[in-house]
There are 2 protein chains.
Amino acid sequence: MIRYILEPLDYQVGEADNAQDARRLLAQNDYDLILMDWMLPGRSGLDFVKELKQKPRKQTPPVIMLTARADESDKVQGLDSGADDYVTKPFSPRELVARIKAVIRRNSDVEEEKIIEFSGLCIDPVRHQVTLMEHPINLSPAEYNLLHFFMSHPDRAYTRSQILDKVWGDSAYVEERTVDVHIRRLRKLLTPSGHDAFIQTVRGVGYRFTPSSLELARN
Amino acid sequence: MIRYILEPLDYQVGEADNAQDARRLLAQNDYDLILMDWMLPGRSGLDFVKELKQKPRKQTPPVIMLTARADESDKVQGLDSGADDYVTKPFSPRELVARIKAVIRRNSDVEEEKIIEFSGLCIDPVRHQVTLMEHPINLSPAEYNLLHFFMSHPDRAYTRSQILDKVWGDSAYVEERTVDVHIRRLRKLLTPSGHDAFIQTVRGVGYRFTPSSLELARN
DNA sequence: GGCCTTTTGTCAACCAAATGTCATATATTT
DNA sequence: AAATATATGACATTTGGTTGACAAAAGGCC
C-alpha cells in the first residue's frame with residue numbers, strides 16, 4: 001500500500017519482509033530513508049534499528065518507524081532506539097509523505113555532500129578529498145571523518161564523548177583520550193599552513209572548530 | 001494516570017517503581033523533568049532528590065515532588081531538599097501541566113544554551129566562549145561556570161553557600177572563602193573593560209551580578 | 001595466502017593550567 | 001580603635017591536555 005502512495009511521487013521503493021532481506025537491500029542500494037514496521041519476523045524492528053545505528057550516522061539512512069500500537073511508551077522506546085521519527089497506524093498518506101519529506105530534508109545528501117571551505121581549508125565529500133590552498137593533502141580515514149565533522153559543525157564545543165558518538169558511531173567503544181590523539185594528528189597536518197589554529201581546545205570540555213579564529217584569544 | 005495526562009501533550013514518559021530503576025532510566029535517557037512521588041519503595045523520595053542534587057545542577061533534570069500530605073512542613077522539606085516545585089495530591093491535570101511547563105521553561109536546554117549579553121559582555125554556552133566587545137577571552141572552567149551562573153541569574157544576591165551549591169554542585173565540599181578567590185579572578189579578567197563593576201559585593205551576604213551598574217559604579 | 005605499509009587505539013611521561021587554601025592586607029562598620 | 005568582612009598574592013596540589021612510542025589491526029599488493 002505504501003508503495004502505491006510513494007511511487008507516483010517518484011520515490012523508488014524496495015521491500016523487505018525480514019531483517020536479513022533488509023540488510024541485503026541496504027547493502028546493495030543507497031536509500032534515502034528506511035520505513036520500518038514495528039515488528040519484523042524473527043526480530044523486532046526495534047532491535048534492527050539499534051543494529052543500524054551502531055554504524056556512524058552518515059553511513060546509514062534515517063529511519064521512520066511504523067507502528068500499530070498507539071501506546072505511547074513504545075513511542076518513547078522507538079525514538080530512544082535511534083529512529084528519527086515515528087508514524088502511528090492508521091495514518092493518512094498525506095501525513096506519511098509529510099513526515100518522509102521532513103526527515104529526508106533533515107538528513108539529505110545535499111547537506112552531507114556539500115563542499116565546505118574556510119579560508120583555504122576545503123573539504124569535498126564527493127571527491128573525498130581535502131585541500132589546503134588548492135593543494136591536496138592526505139588524511140587517514142579517521143582524520144578525514146573528524147575534520148569533516150568539525151567543518152560541518154563549526155563554532156560549537158563538543159565533549160570527547162560527543163565526538164566519539166558522532167564520528168566513530170555509537171558502538172565502537174574506544175577510550176575518550178583517543179580523541180586527543182586524533183586531534184593531535186589532525187593538528188599536525190594542518191600546522192604547516194597555520195590552519196591548526198582552527199581546532200581549539202576547550203579546557204574541561206573538549207574541542208571546538210572555530211574557522212574565524214585568525215586572531216587567537218588573548219586574555 | 002499521569003501518563004495519560006501527559007502523553008497526549010507530546011511529553012515522553014518513562015516510569016520507575018523504585019530508586020534503582022529511576023537511576024537506570026536517568027542514566028540512559030535525557031529527561032526534561034522528574035515527577036517524583038513522596039515515597040519510593042525502600043527509600044523516600046526525599047532522599048533520592050538529595051542524592052540527585054549532589055551533582056552539579058545542569059547534569060540533572062529538575063524535580064517536581066508529588067505528595068498526598070498537605071502538611072506545610074513537609075512542603076518546606078521537599079523544597080529544601082532540592083525539589084524545584086511541589087504539587088499536592090489531589091491535583092487537577094491543569095495544575096500539574098501548568099507546574100510542569102513552568103519548571104521546564106525555567107530549566108530548559110533552550111534556557112541553558114541561550115546566548116546572554118550585557119553591554120558588550122557576552123557568553124555563548126554552545127560555543128562555550130565568552131567575548132568582551134566581540135573579543136574572545138579565556139576563562140578557566142570554574143570562572144566560566146561562575147560567570148554563566150551570574151549572567152543567567154542577574155540582579156540577585158547570593159550567599160557564598162548558594163553559589164557553591166549552584167556552581168560547584170552540592171557535593172564537592174570546598175571552603176566558602178574559595179568563592180571570594182574565584183570572584184577575584186573573574187573580576188581581574190573583566191577589569192580591563194570595566195565590566196568588573198557588574199560583580200558587586202553584598203557585605204554580610206555574598207555577591208550579586210548587576211549588569212546595569214555602569215552608572216551605579218561611580219557614586 | 002603471505003608480505004609489507006598504513007592506520008589505529010592505548011599507554012605512560014611530560015608539561016601547563018587551574019584549583020583550593022592560607023596568611024596577610026585592606027576596607028567597612030560599630 | 002576594635003571588630004568584622006572582604007580582597008589579594010603566593011603556593012602546593014591536583015587535574016587535564018599534549019606528546020611520542022608501540023603493538024595490534026586493517027588494507028593493499030603480489
# chains A, B, ... in the order shown; residues from 1 in each chain; ligands from 1
>>> interface_residues(of="chain B", to="chain C", cutoff="8 Å", atoms="only C-alpha atoms (C1' of nucleotides)", output="PyMOL selection string")
chain B and resi 140+174-175+178
>>> closest_atom_pairs(of="stretch 166-194 of chain A", to="stretch 16-19 of chain D", cutoff="12 Å", atoms="only C-alpha atoms (C1' of nucleotides)", output="CSV")
residue,atom,partner,partner_atom,distance
A:Arg177,CA,D:DG17,C1',9.5
A:Thr178,CA,D:DG17,C1',12.0
A:Val179,CA,D:DG17,C1',11.3
A:Asp180,CA,D:DG17,C1',8.0
A:Val181,CA,D:DT18,C1',8.6
A:His182,CA,D:DT18,C1',11.6
A:Ile183,CA,D:DT18,C1',10.2
A:Arg184,CA,D:DT18,C1',8.0
A:Arg185,CA,D:DT19,C1',10.5
A:Arg187,CA,D:DT18,C1',11.6
A:Lys188,CA,D:DT19,C1',11.4
>>> atom_distance(atom1="atom CA of A:Pro125", atom2="atom CA of A:Gln28")
20.8 Å
>>> closest_atom_pairs(of="chain B", to="chain A", cutoff="7 Å", atoms="only C-alpha atoms", output="tab-separated table")
residue	atom	partner	partner_atom	distance
B:Glu7	CA	A:Glu72	CA	6.7
B:Gln12	CA	A:Val76	CA	5.8
B:Val13	CA	A:Ser73	CA	6.8
B:Val126	CA	A:Arg156	CA	5.6
B:Arg127	CA	A:Arg156	CA	4.3
B:His128	CA	A:Ala157	CA	6.0
B:Pro136	CA	A:Ala217	CA	5.3
B:Ile137	CA	A:Asn219	CA	5.1
B:Asn138	CA	A:Asn219	CA	5.7
B:Pro141	CA	A:Gly204	CA	6.1
>>> write_last_selection(atoms="C-alpha atoms", output="mmCIF file, in the first residue's frame")
data_model
loop_
_atom_site.group_PDB
_atom_site.id
_atom_site.type_symbol
_atom_site.label_atom_id
_atom_site.label_comp_id
_atom_site.auth_asym_id
_atom_site.auth_seq_id
_atom_site.Cartn_x
_atom_site.Cartn_y
_atom_site.Cartn_z
ATOM 1 C CA GLU B 7 1.342 11.757 26.620
ATOM 2 C CA GLN B 12 7.514 11.290 26.534
ATOM 3 C CA VAL B 13 7.074 9.467 29.775
ATOM 4 C CA VAL B 126 27.075 26.447 22.764
ATOM 5 C CA ARG B 127 30.475 27.684 21.717
ATOM 6 C CA HIS B 128 31.460 27.686 25.360
ATOM 7 C CA PRO B 136 37.168 36.370 22.938
ATOM 8 C CA ILE B 137 38.643 35.975 26.393
ATOM 9 C CA ASN B 138 39.963 32.867 28.089
ATOM 10 C CA PRO B 141 36.290 26.190 33.698
#
